[in-house]
file start-v5.csv (CSV, C-alpha atoms)
chain,number,residue,atom,x,y,z
W,1,MET,CA,32.8,-24.0,28.5
W,2,THR,CA,31.1,-21.0,30.1
W,3,ALA,CA,27.4,-21.5,30.9
W,4,PRO,CA,25.0,-19.1,29.1
W,5,GLU,CA,23.8,-16.2,31.1
W,6,PRO,CA,20.5,-16.6,32.9
W,7,LEU,CA,17.5,-14.8,31.4
W,8,GLU,CA,15.3,-12.3,33.3
W,9,ALA,CA,11.6,-12.8,33.5
W,10,LEU,CA,9.5,-10.4,31.4
W,11,PRO,CA,7.1,-8.1,33.2
W,12,GLU,CA,3.5,-9.1,32.9
W,13,ASP,CA,1.8,-6.0,34.5
W,14,TRP,CA,0.3,-4.9,31.2
W,15,THR,CA,-3.0,-5.5,29.5
W,16,LYS,CA,-2.6,-4.9,25.7
W,17,ALA,CA,0.0,-5.7,23.1
W,18,LEU,CA,0.4,-5.2,19.4
W,19,ALA,CA,2.5,-7.8,17.4
W,20,VAL,CA,4.0,-6.4,14.2
W,21,VAL,CA,5.9,-8.8,12.0
W,22,ALA,CA,6.6,-9.3,8.3
W,23,HIS,CA,5.0,-12.6,7.4
W,24,PRO,CA,2.4,-15.2,8.4
W,25,ASP,CA,4.4,-17.8,10.5
W,26,ASP,CA,6.9,-15.3,11.9
W,27,LEU,CA,5.3,-15.4,15.4
W,28,GLU,CA,4.7,-19.1,15.3
W,29,PHE,CA,8.4,-20.0,15.1
W,30,GLY,CA,8.9,-19.2,18.8
W,31,ALA,CA,6.6,-16.5,20.2
W,32,ALA,CA,3.1,-18.1,19.8
W,33,ALA,CA,3.3,-20.1,23.1
W,34,ALA,CA,4.1,-16.8,25.0
W,35,ILE,CA,1.1,-15.2,23.3
W,36,ALA,CA,-1.1,-18.1,24.4
W,37,ARG,CA,0.1,-17.6,28.0
W,38,TRP,CA,-0.8,-13.9,27.9
W,39,THR,CA,-4.2,-14.3,26.3
W,40,ALA,CA,-5.0,-16.9,28.9
W,41,GLN,CA,-4.2,-14.2,31.5
W,42,GLY,CA,-6.9,-12.0,29.9
W,43,LYS,CA,-4.5,-9.8,28.0
W,44,GLU,CA,-5.5,-8.4,24.6
W,45,ILE,CA,-3.1,-9.0,21.7
W,46,ILE,CA,-3.6,-7.9,18.1
W,47,TYR,CA,-1.6,-9.3,15.2
W,48,CYS,CA,-0.4,-6.9,12.4
W,49,LEU,CA,1.2,-8.6,9.5
W,50,LEU,CA,2.9,-6.4,6.9
W,51,THR,CA,2.6,-8.9,4.1
W,52,SER,CA,0.3,-11.9,3.3
W,53,GLY,CA,3.3,-14.1,2.7
W,54,GLU,CA,2.4,-14.4,-1.0
W,55,ALA,CA,5.9,-15.1,-2.1
W,56,GLY,CA,6.6,-17.8,0.5
W,57,ILE,CA,5.7,-21.0,-1.3
W,58,ASP,CA,7.7,-21.7,-4.4
W,59,GLY,CA,5.2,-24.0,-6.1
W,60,VAL,CA,2.1,-21.7,-5.5
W,61,SER,CA,1.6,-18.5,-7.4
W,62,PRO,CA,1.3,-15.3,-5.2
W,63,ALA,CA,-2.3,-14.7,-6.2
W,64,GLU,CA,-3.2,-18.1,-4.8
W,65,CYS,CA,-0.7,-18.2,-2.0
W,66,GLY,CA,-1.6,-14.9,-0.3
W,67,PRO,CA,-5.2,-15.8,0.6
W,68,LEU,CA,-4.1,-19.3,1.6
W,69,ARG,CA,-1.5,-18.0,4.0
W,70,GLU,CA,-3.8,-15.4,5.4
W,71,ALA,CA,-6.3,-18.1,6.2
W,72,GLU,CA,-3.6,-20.2,7.9
W,73,GLN,CA,-2.5,-17.2,9.9
W,74,ILE,CA,-6.0,-16.4,11.1
W,75,GLU,CA,-6.5,-20.0,12.3
W,76,SER,CA,-3.0,-20.0,13.9
W,77,ALA,CA,-3.9,-16.8,15.8
W,78,ARG,CA,-7.2,-18.3,16.9
W,79,ILE,CA,-5.5,-21.2,18.5
W,80,VAL,CA,-3.5,-18.9,20.8
W,81,GLY,CA,-6.4,-16.7,21.6
W,82,VAL,CA,-5.9,-13.8,19.2
W,83,PRO,CA,-9.1,-12.8,17.3
W,84,VAL,CA,-7.9,-9.8,15.4
W,85,VAL,CA,-5.3,-10.2,12.6
W,86,GLU,CA,-4.6,-7.3,10.2
W,87,PHE,CA,-2.8,-7.6,6.9
W,88,LEU,CA,-1.2,-4.4,5.6
W,89,GLY,CA,-0.5,-5.3,2.0
W,90,GLN,CA,3.2,-4.8,1.8
W,91,PRO,CA,5.1,-6.8,-0.8
W,92,ASP,CA,6.4,-10.1,0.5
W,93,GLY,CA,10.2,-10.4,0.1
W,94,THR,CA,10.9,-6.8,-0.8
W,95,ILE,CA,9.8,-4.8,2.3
W,96,GLU,CA,11.8,-1.6,2.3
W,97,TYR,CA,12.8,0.4,5.4
W,98,GLY,CA,11.7,4.0,5.0
W,99,VAL,CA,9.4,6.8,6.0
W,100,GLU,CA,6.3,5.2,4.4
W,101,LEU,CA,6.8,1.9,6.3
W,102,ARG,CA,7.3,3.9,9.5
W,103,ARG,CA,4.1,5.8,8.8
W,104,LEU,CA,2.2,2.5,8.2
W,105,ILE,CA,3.3,1.0,11.5
W,106,ALA,CA,2.9,4.2,13.5
W,107,SER,CA,-0.7,4.4,12.3
W,108,ALA,CA,-1.3,0.9,13.6
W,109,VAL,CA,0.3,1.8,16.9
W,110,ARG,CA,-1.9,4.9,17.2
W,111,ARG,CA,-5.0,2.9,16.2
W,112,HIS,CA,-4.6,0.1,18.7
W,113,GLN,CA,-2.8,2.0,21.5
W,114,PRO,CA,-0.7,-0.9,23.0
W,115,GLU,CA,1.5,-0.9,26.1
W,116,ILE,CA,3.8,-3.5,24.6
W,117,VAL,CA,4.8,-3.9,21.0
W,118,ILE,CA,6.1,-7.3,19.9
W,119,THR,CA,8.2,-7.9,16.8
W,120,ASN,CA,10.7,-10.4,15.6
W,121,ASN,CA,14.5,-10.5,15.5
W,122,PHE,CA,15.8,-7.6,13.4
W,123,ARG,CA,19.5,-8.2,14.0
W,124,ASP,CA,21.6,-9.2,11.0
W,125,THR,CA,21.9,-12.9,12.1
W,126,TRP,CA,19.8,-15.4,14.2
W,127,ASP,CA,22.8,-16.6,16.2
W,128,GLY,CA,24.9,-13.5,16.6
W,129,ASP,CA,27.4,-15.0,14.2
W,130,VAL,CA,26.8,-16.6,10.8
W,131,MET,CA,23.1,-17.6,10.4
W,132,LEU,CA,21.9,-14.7,8.3
W,133,ASN,CA,18.5,-13.1,9.0
W,134,GLN,CA,16.2,-12.1,6.1
W,135,ALA,CA,15.8,-8.5,4.9
W,136,ASP,CA,12.0,-8.4,5.5
W,137,HIS,CA,12.6,-9.2,9.2
W,138,VAL,CA,15.4,-6.7,9.6
W,139,ASN,CA,13.5,-3.9,7.9
W,140,THR,CA,10.2,-4.6,9.7
W,141,GLY,CA,11.8,-4.7,13.2
W,142,ARG,CA,13.9,-1.6,12.7
W,143,ALA,CA,10.9,0.3,11.2
W,144,THR,CA,8.8,-0.9,14.2
W,145,LEU,CA,11.2,0.6,16.7
W,146,ASP,CA,11.2,3.9,14.9
W,147,ALA,CA,7.4,3.9,14.4
W,148,VAL,CA,6.8,3.5,18.1
W,149,ARG,CA,8.7,6.7,18.6
W,150,ASP,CA,7.0,8.3,15.6
W,151,ALA,CA,3.6,7.4,17.0
W,152,ALA,CA,4.4,9.3,20.3
W,153,ASN,CA,5.3,12.5,18.5
W,154,ARG,CA,2.2,14.6,17.6
W,155,TRP,CA,4.2,16.5,14.8
W,156,ILE,CA,5.3,13.3,12.9
W,157,PHE,CA,2.7,11.9,10.6
W,158,GLU,CA,0.3,14.5,11.7
W,159,GLY,CA,-3.2,13.5,10.5
W,160,ASP,CA,-2.5,9.8,10.7
W,161,GLY,CA,-4.3,9.3,14.0
W,162,GLU,CA,-3.9,10.9,17.4
W,163,ARG,CA,-0.4,10.4,19.0
W,164,TRP,CA,0.1,7.5,21.3
W,165,ASN,CA,3.0,7.6,23.8
W,166,GLY,CA,1.8,4.7,25.9
W,167,VAL,CA,4.2,2.0,24.6
W,168,ARG,CA,6.4,1.0,27.4
W,169,GLN,CA,8.7,-1.4,25.6
W,170,VAL,CA,9.3,-3.2,22.3
W,171,TRP,CA,10.1,-6.9,22.6
W,172,ALA,CA,11.9,-8.6,19.7
W,173,GLY,CA,11.4,-12.4,19.8
W,174,GLY,CA,14.2,-14.7,18.8
W,175,SER,CA,17.0,-12.1,19.0
W,176,PRO,CA,20.5,-13.3,19.6
W,177,ARG,CA,20.7,-10.4,22.1
W,178,SER,CA,17.8,-11.7,24.2
W,179,ARG,CA,18.2,-11.1,27.9
W,180,HIS,CA,14.6,-11.7,28.9
W,181,ALA,CA,12.1,-14.6,28.6
W,182,VAL,CA,8.7,-15.8,29.6
W,183,ASP,CA,7.8,-19.3,30.9
W,184,THR,CA,5.9,-21.2,28.2
W,185,THR,CA,5.8,-24.6,29.8
W,186,ASP,CA,2.0,-24.6,30.3
W,187,THR,CA,1.3,-23.3,26.8
W,188,PHE,CA,4.0,-25.0,24.8
W,189,GLU,CA,1.5,-27.4,23.1
W,190,LEU,CA,-0.6,-24.5,22.0
W,191,GLY,CA,2.4,-23.0,20.4
W,192,VAL,CA,3.1,-26.2,18.5
W,193,GLN,CA,-0.5,-26.4,17.3
W,194,SER,CA,-0.3,-22.8,16.2
W,195,LEU,CA,2.8,-23.5,14.0
W,196,LYS,CA,1.2,-26.7,12.6
W,197,ALA,CA,-1.7,-24.5,11.4
W,198,HIS,CA,0.7,-23.3,8.7
W,199,LYS,CA,0.3,-26.6,6.9
W,200,ALA,CA,0.6,-25.4,3.3
W,201,TYR,CA,3.6,-23.3,4.1
W,202,ILE,CA,5.4,-26.0,6.0
W,203,GLU,CA,4.8,-28.5,3.2
W,204,GLY,CA,6.0,-25.9,0.7
W,205,LEU,CA,9.3,-25.6,2.4
W,206,ASN,CA,10.2,-29.1,1.3
W,207,TRP,CA,11.8,-30.0,4.6
W,208,PRO,CA,10.9,-33.7,4.6
W,209,HIS,CA,12.0,-34.3,8.2
W,210,PHE,CA,10.8,-31.0,9.8
W,211,ASP,CA,8.8,-31.6,12.9
W,212,PRO,CA,7.2,-28.5,14.5
W,213,SER,CA,7.1,-30.0,17.9
W,214,GLU,CA,10.7,-31.0,17.8
W,215,PHE,CA,11.9,-27.7,16.4
W,216,LEU,CA,10.0,-25.6,19.0
W,217,GLU,CA,11.2,-27.9,21.8
W,218,GLY,CA,14.8,-27.3,20.9
W,219,VAL,CA,14.4,-23.6,20.9
W,220,SER,CA,12.1,-23.4,23.9
W,221,ARG,CA,14.1,-25.9,26.1
W,222,THR,CA,17.3,-23.9,25.6
W,223,ALA,CA,15.6,-20.7,26.7
W,224,GLY,CA,13.8,-22.5,29.5
W,225,THR,CA,17.1,-23.7,30.9
W,226,ARG,CA,18.3,-20.1,31.1
W,227,LEU,CA,15.1,-19.0,32.7
W,228,GLY,CA,14.9,-21.9,35.2
W,229,THR,CA,11.8,-23.4,33.6
W,230,THR,CA,11.1,-26.3,31.3
W,231,TYR,CA,10.2,-24.2,28.3
W,232,ALA,CA,10.5,-20.4,27.6
W,233,ALA,CA,10.4,-17.9,24.8
W,234,ALA,CA,13.3,-15.4,24.7
W,235,PHE,CA,13.0,-11.7,23.8
W,236,GLU,CA,15.3,-8.7,23.4
W,237,VAL,CA,13.7,-5.8,25.3
W,238,LEU,CA,14.1,-2.3,24.0
W,239,THR,CA,12.7,0.9,25.7
W,240,PRO,CA,11.7,3.7,23.3
call {"tool": "encode", "arguments": {"input": "start-v5.csv", "output": "structure tokens"}}
result
Amino acid sequence: MTAPEPLEALPEDWTKALAVVAHPDDLEFGAAAAIARWTAQGKEIIYCLLTSGEAGIDGVSPAECGPLREAEQIESARIVGVPVVEFLGQPDGTIEYGVELRRLIASAVRRHQPEIVITNNFRDTWDGDVMLNQADHVNTGRATLDAVRDAANRWIFEGDGERWNGVRQVWAGGSPRSRHAVDTTDTFELGVQSLKAHKAYIEGLNWPHFDPSEFLEGVSRTAGTRLGTTYAAAFEVLTP
């Protein structure tokens, strides 16, 4: 068997990032330990959640579930050093790619003026083969890529904030096309605690044998082997 290609270390010569994902818990299934590393370095990271995850627990109505999951996400972010979490009120499970979604994300980019934008895997699958991704993730990631370009163009969404052309790269966590990674060995346990903060959501999945630590170890150790560390978080890097 051919050994997997080594991963290249992500640059860390930046000071501010904006994380744009679809749901509470999206960042915690892999990227949170990386975020804990960066906040410990003094970097500023802001979370922007398109939905409140209100359709994410089968046995809990959306009216009850949304506030519950927002609270879990705020606590989860606090654990890894992120004090600002925005919820943009999009419909959980039915996010549609389009101009209005691009406008919403571009406005966030202009408002926060990040150097790096972090999102989740937007490819059709998780493994590059048969493990299908979910439509909210796909539409969010693709709209985020376009919104970064939109935010840099003064004539697009004119009136929705001053243009921001300072985004250097977009990083998509968990992509099957990842070629870069960051060492999360020292912050791995913070990543685990951040995922565990989504207690109601995890219980609602009805996965009786799911262990957050074991799950994250499997993902992180594989990436770490390719980076030459114990644990790592992998990202696909795109340049707008």
call {"tool": "residues_near_point", "arguments": {"input": "start-v5.csv", "point": "(12.9, -10.7, 1.3)", "cutoff": "7 Å", "atoms": "all atoms listed in the file", "output": "ChimeraX atom specification"}}
result
/W:92-95,134-136
call {"tool": "atom_distance", "arguments": {"input": "start-v5.csv", "atom1": "CA of Thr2 (chain W)", "atom2": "CA of Ala31 (chain W)"}}
result
26.8 Å
call {"tool": "atom_distance", "arguments": {"input": "start-v5.csv", "atom1": "CA of Ile45 (chain W)", "atom2": "CA of Ala17 (chain W)"}}
result
4.7 Å
call {"tool": "residues_around", "arguments": {"input": "start-v5.csv", "residues": "Glu64 (chain W)", "least_positions_apart": "6", "cutoff": "12 Å", "atoms": "all atoms listed in the file", "output": "NGL selection string"}}
result
:W and (52-58 or 70-71 or 200)
call {"tool": "residues_around", "arguments": {"input": "start-v5.csv", "residues": "Glu189 (chain W)", "least_positions_apart": "6", "cutoff": "12 Å", "atoms": "all atoms listed in the file", "output": "NGL selection string"}}
result
:W and (28 or 30 or 32-34 or 36-37 or 79-80 or 195-196 or 212-214 or 216-217 or 220 or 231)
call {"tool": "closest_residue", "arguments": {"input": "start-v5.csv", "among": "W:Ala147, W:Leu27, W:Leu10, W:Ala63", "to": "Val82 (chain W)", "atoms": "all atoms listed in the file"}}
result
W:Leu27
call {"tool": "build_atoms", "arguments": {"input": "start-v5.csv", "residues": "region 113-124 of chain W", "atoms": "all heavy atoms", "output": "PDB file, keeping the file's coordinate frame"}}
result
ATOM      1  N   GLN W 113      -3.215   1.431  20.250  1.00  0.00           N
ATOM      2  CA  GLN W 113      -2.800   2.000  21.500  1.00  0.00           C
ATOM      3  C   GLN W 113      -2.289   0.865  22.518  1.00  0.00           C
ATOM      4  O   GLN W 113      -2.815   0.699  23.614  1.00  0.00           O
ATOM      5  CB  GLN W 113      -3.901   2.775  22.176  1.00  0.00           C
ATOM      6  CG  GLN W 113      -4.341   3.950  21.319  1.00  0.00           C
ATOM      7  CD  GLN W 113      -5.351   4.849  21.990  1.00  0.00           C
ATOM      8  OE1 GLN W 113      -5.981   4.484  22.979  1.00  0.00           O
ATOM      9  NE2 GLN W 113      -5.518   6.045  21.469  1.00  0.00           N
ATOM     10  N   PRO W 114      -1.258   0.125  22.123  1.00  0.00           N
ATOM     11  CA  PRO W 114      -0.700  -0.900  23.000  1.00  0.00           C
ATOM     12  C   PRO W 114       0.229  -0.385  24.048  1.00  0.00           C
ATOM     13  O   PRO W 114       0.785   0.704  23.900  1.00  0.00           O
ATOM     14  CB  PRO W 114       0.028  -1.834  22.017  1.00  0.00           C
ATOM     15  CG  PRO W 114       0.553  -0.858  20.999  1.00  0.00           C
ATOM     16  CD  PRO W 114      -0.545   0.175  20.834  1.00  0.00           C
ATOM     17  N   GLU W 115       0.420  -1.174  25.084  1.00  0.00           N
ATOM     18  CA  GLU W 115       1.500  -0.900  26.100  1.00  0.00           C
ATOM     19  C   GLU W 115       2.785  -1.558  25.684  1.00  0.00           C
ATOM     20  O   GLU W 115       3.863  -1.048  25.981  1.00  0.00           O
ATOM     21  CB  GLU W 115       1.038  -1.378  27.448  1.00  0.00           C
ATOM     22  CG  GLU W 115      -0.218  -0.723  27.992  1.00  0.00           C
ATOM     23  CD  GLU W 115      -0.844  -1.596  29.059  1.00  0.00           C
ATOM     24  OE1 GLU W 115      -0.324  -1.606  30.195  1.00  0.00           O
ATOM     25  OE2 GLU W 115      -1.850  -2.265  28.765  1.00  0.00           O
ATOM     26  N   ILE W 116       2.674  -2.718  25.055  1.00  0.00           N
ATOM     27  CA  ILE W 116       3.800  -3.500  24.600  1.00  0.00           C
ATOM     28  C   ILE W 116       3.698  -3.723  23.101  1.00  0.00           C
ATOM     29  O   ILE W 116       2.607  -4.029  22.609  1.00  0.00           O
ATOM     30  CB  ILE W 116       3.904  -4.861  25.326  1.00  0.00           C
ATOM     31  CG1 ILE W 116       4.008  -4.683  26.845  1.00  0.00           C
ATOM     32  CG2 ILE W 116       5.071  -5.695  24.787  1.00  0.00           C
ATOM     33  CD1 ILE W 116       5.275  -3.994  27.323  1.00  0.00           C
ATOM     34  N   VAL W 117       4.798  -3.564  22.381  1.00  0.00           N
ATOM     35  CA  VAL W 117       4.800  -3.900  21.000  1.00  0.00           C
ATOM     36  C   VAL W 117       5.797  -5.084  20.796  1.00  0.00           C
ATOM     37  O   VAL W 117       6.933  -5.042  21.270  1.00  0.00           O
ATOM     38  CB  VAL W 117       5.274  -2.724  20.091  1.00  0.00           C
ATOM     39  CG1 VAL W 117       5.505  -3.167  18.649  1.00  0.00           C
ATOM     40  CG2 VAL W 117       4.208  -1.616  20.132  1.00  0.00           C
ATOM     41  N   ILE W 118       5.318  -6.120  20.142  1.00  0.00           N
ATOM     42  CA  ILE W 118       6.100  -7.300  19.900  1.00  0.00           C
ATOM     43  C   ILE W 118       6.497  -7.388  18.445  1.00  0.00           C
ATOM     44  O   ILE W 118       5.675  -7.146  17.560  1.00  0.00           O
ATOM     45  CB  ILE W 118       5.275  -8.588  20.278  1.00  0.00           C
ATOM     46  CG1 ILE W 118       4.877  -8.558  21.763  1.00  0.00           C
ATOM     47  CG2 ILE W 118       6.050  -9.868  19.950  1.00  0.00           C
ATOM     48  CD1 ILE W 118       3.778  -9.546  22.110  1.00  0.00           C
ATOM     49  N   THR W 119       7.749  -7.681  18.177  1.00  0.00           N
ATOM     50  CA  THR W 119       8.200  -7.900  16.800  1.00  0.00           C
ATOM     51  C   THR W 119       9.190  -9.046  16.802  1.00  0.00           C
ATOM     52  O   THR W 119       9.428  -9.662  17.840  1.00  0.00           O
ATOM     53  CB  THR W 119       8.783  -6.595  16.205  1.00  0.00           C
ATOM     54  OG1 THR W 119       8.964  -6.770  14.791  1.00  0.00           O
ATOM     55  CG2 THR W 119      10.105  -6.211  16.851  1.00  0.00           C
ATOM     56  N   ASN W 120       9.723  -9.353  15.636  1.00  0.00           N
ATOM     57  CA  ASN W 120      10.700 -10.400  15.600  1.00  0.00           C
ATOM     58  C   ASN W 120      12.126  -9.906  15.542  1.00  0.00           C
ATOM     59  O   ASN W 120      12.371  -8.695  15.477  1.00  0.00           O
ATOM     60  CB  ASN W 120      10.451 -11.287  14.303  1.00  0.00           C
ATOM     61  CG  ASN W 120       9.454 -12.408  14.544  1.00  0.00           C
ATOM     62  OD1 ASN W 120       8.674 -12.748  13.681  1.00  0.00           O
ATOM     63  ND2 ASN W 120       9.462 -13.001  15.733  1.00  0.00           N
ATOM     64  N   ASN W 121      13.056 -10.828  15.576  1.00  0.00           N
ATOM     65  CA  ASN W 121      14.500 -10.500  15.500  1.00  0.00           C
ATOM     66  C   ASN W 121      14.797  -9.632  14.306  1.00  0.00           C
ATOM     67  O   ASN W 121      14.496 -10.007  13.174  1.00  0.00           O
ATOM     68  CB  ASN W 121      15.292 -11.784  15.477  1.00  0.00           C
ATOM     69  CG  ASN W 121      16.767 -11.538  15.251  1.00  0.00           C
ATOM     70  OD1 ASN W 121      17.322 -10.534  15.694  1.00  0.00           O
ATOM     71  ND2 ASN W 121      17.417 -12.464  14.565  1.00  0.00           N
ATOM     72  N   PHE W 122      15.401  -8.468  14.534  1.00  0.00           N
ATOM     73  CA  PHE W 122      15.800  -7.600  13.400  1.00  0.00           C
ATOM     74  C   PHE W 122      17.299  -7.445  13.325  1.00  0.00           C
ATOM     75  O   PHE W 122      17.790  -6.622  12.549  1.00  0.00           O
ATOM     76  CB  PHE W 122      15.155  -6.193  13.628  1.00  0.00           C
ATOM     77  CG  PHE W 122      15.525  -5.545  14.929  1.00  0.00           C
ATOM     78  CD1 PHE W 122      16.672  -4.776  15.034  1.00  0.00           C
ATOM     79  CD2 PHE W 122      14.742  -5.730  16.051  1.00  0.00           C
ATOM     80  CE1 PHE W 122      17.030  -4.192  16.240  1.00  0.00           C
ATOM     81  CE2 PHE W 122      15.081  -5.141  17.262  1.00  0.00           C
ATOM     82  CZ  PHE W 122      16.230  -4.373  17.358  1.00  0.00           C
ATOM     83  N   ARG W 123      18.026  -8.243  14.092  1.00  0.00           N
ATOM     84  CA  ARG W 123      19.500  -8.200  14.000  1.00  0.00           C
ATOM     85  C   ARG W 123      19.919  -8.898  12.695  1.00  0.00           C
ATOM     86  O   ARG W 123      19.158  -9.619  12.064  1.00  0.00           O
ATOM     87  CB  ARG W 123      20.107  -8.904  15.213  1.00  0.00           C
ATOM     88  CG  ARG W 123      19.714  -8.266  16.538  1.00  0.00           C
ATOM     89  CD  ARG W 123      20.179  -6.833  16.634  1.00  0.00           C
ATOM     90  NE  ARG W 123      19.800  -6.209  17.904  1.00  0.00           N
ATOM     91  CZ  ARG W 123      20.029  -4.953  18.220  1.00  0.00           C
ATOM     92  NH1 ARG W 123      20.636  -4.151  17.352  1.00  0.00           N
ATOM     93  NH2 ARG W 123      19.643  -4.457  19.371  1.00  0.00           N
ATOM     94  N   ASP W 124      21.172  -8.711  12.301  1.00  0.00           N
ATOM     95  CA  ASP W 124      21.600  -9.200  11.000  1.00  0.00           C
ATOM     96  C   ASP W 124      21.673 -10.748  10.951  1.00  0.00           C
ATOM     97  O   ASP W 124      21.588 -11.328   9.863  1.00  0.00           O
ATOM     98  CB  ASP W 124      23.030  -8.675  10.702  1.00  0.00           C
ATOM     99  CG  ASP W 124      23.003  -7.191  10.371  1.00  0.00           C
ATOM    100  OD1 ASP W 124      21.934  -6.695   9.951  1.00  0.00           O
ATOM    101  OD2 ASP W 124      24.042  -6.523  10.531  1.00  0.00           O
TER     102      ASP W 124
END
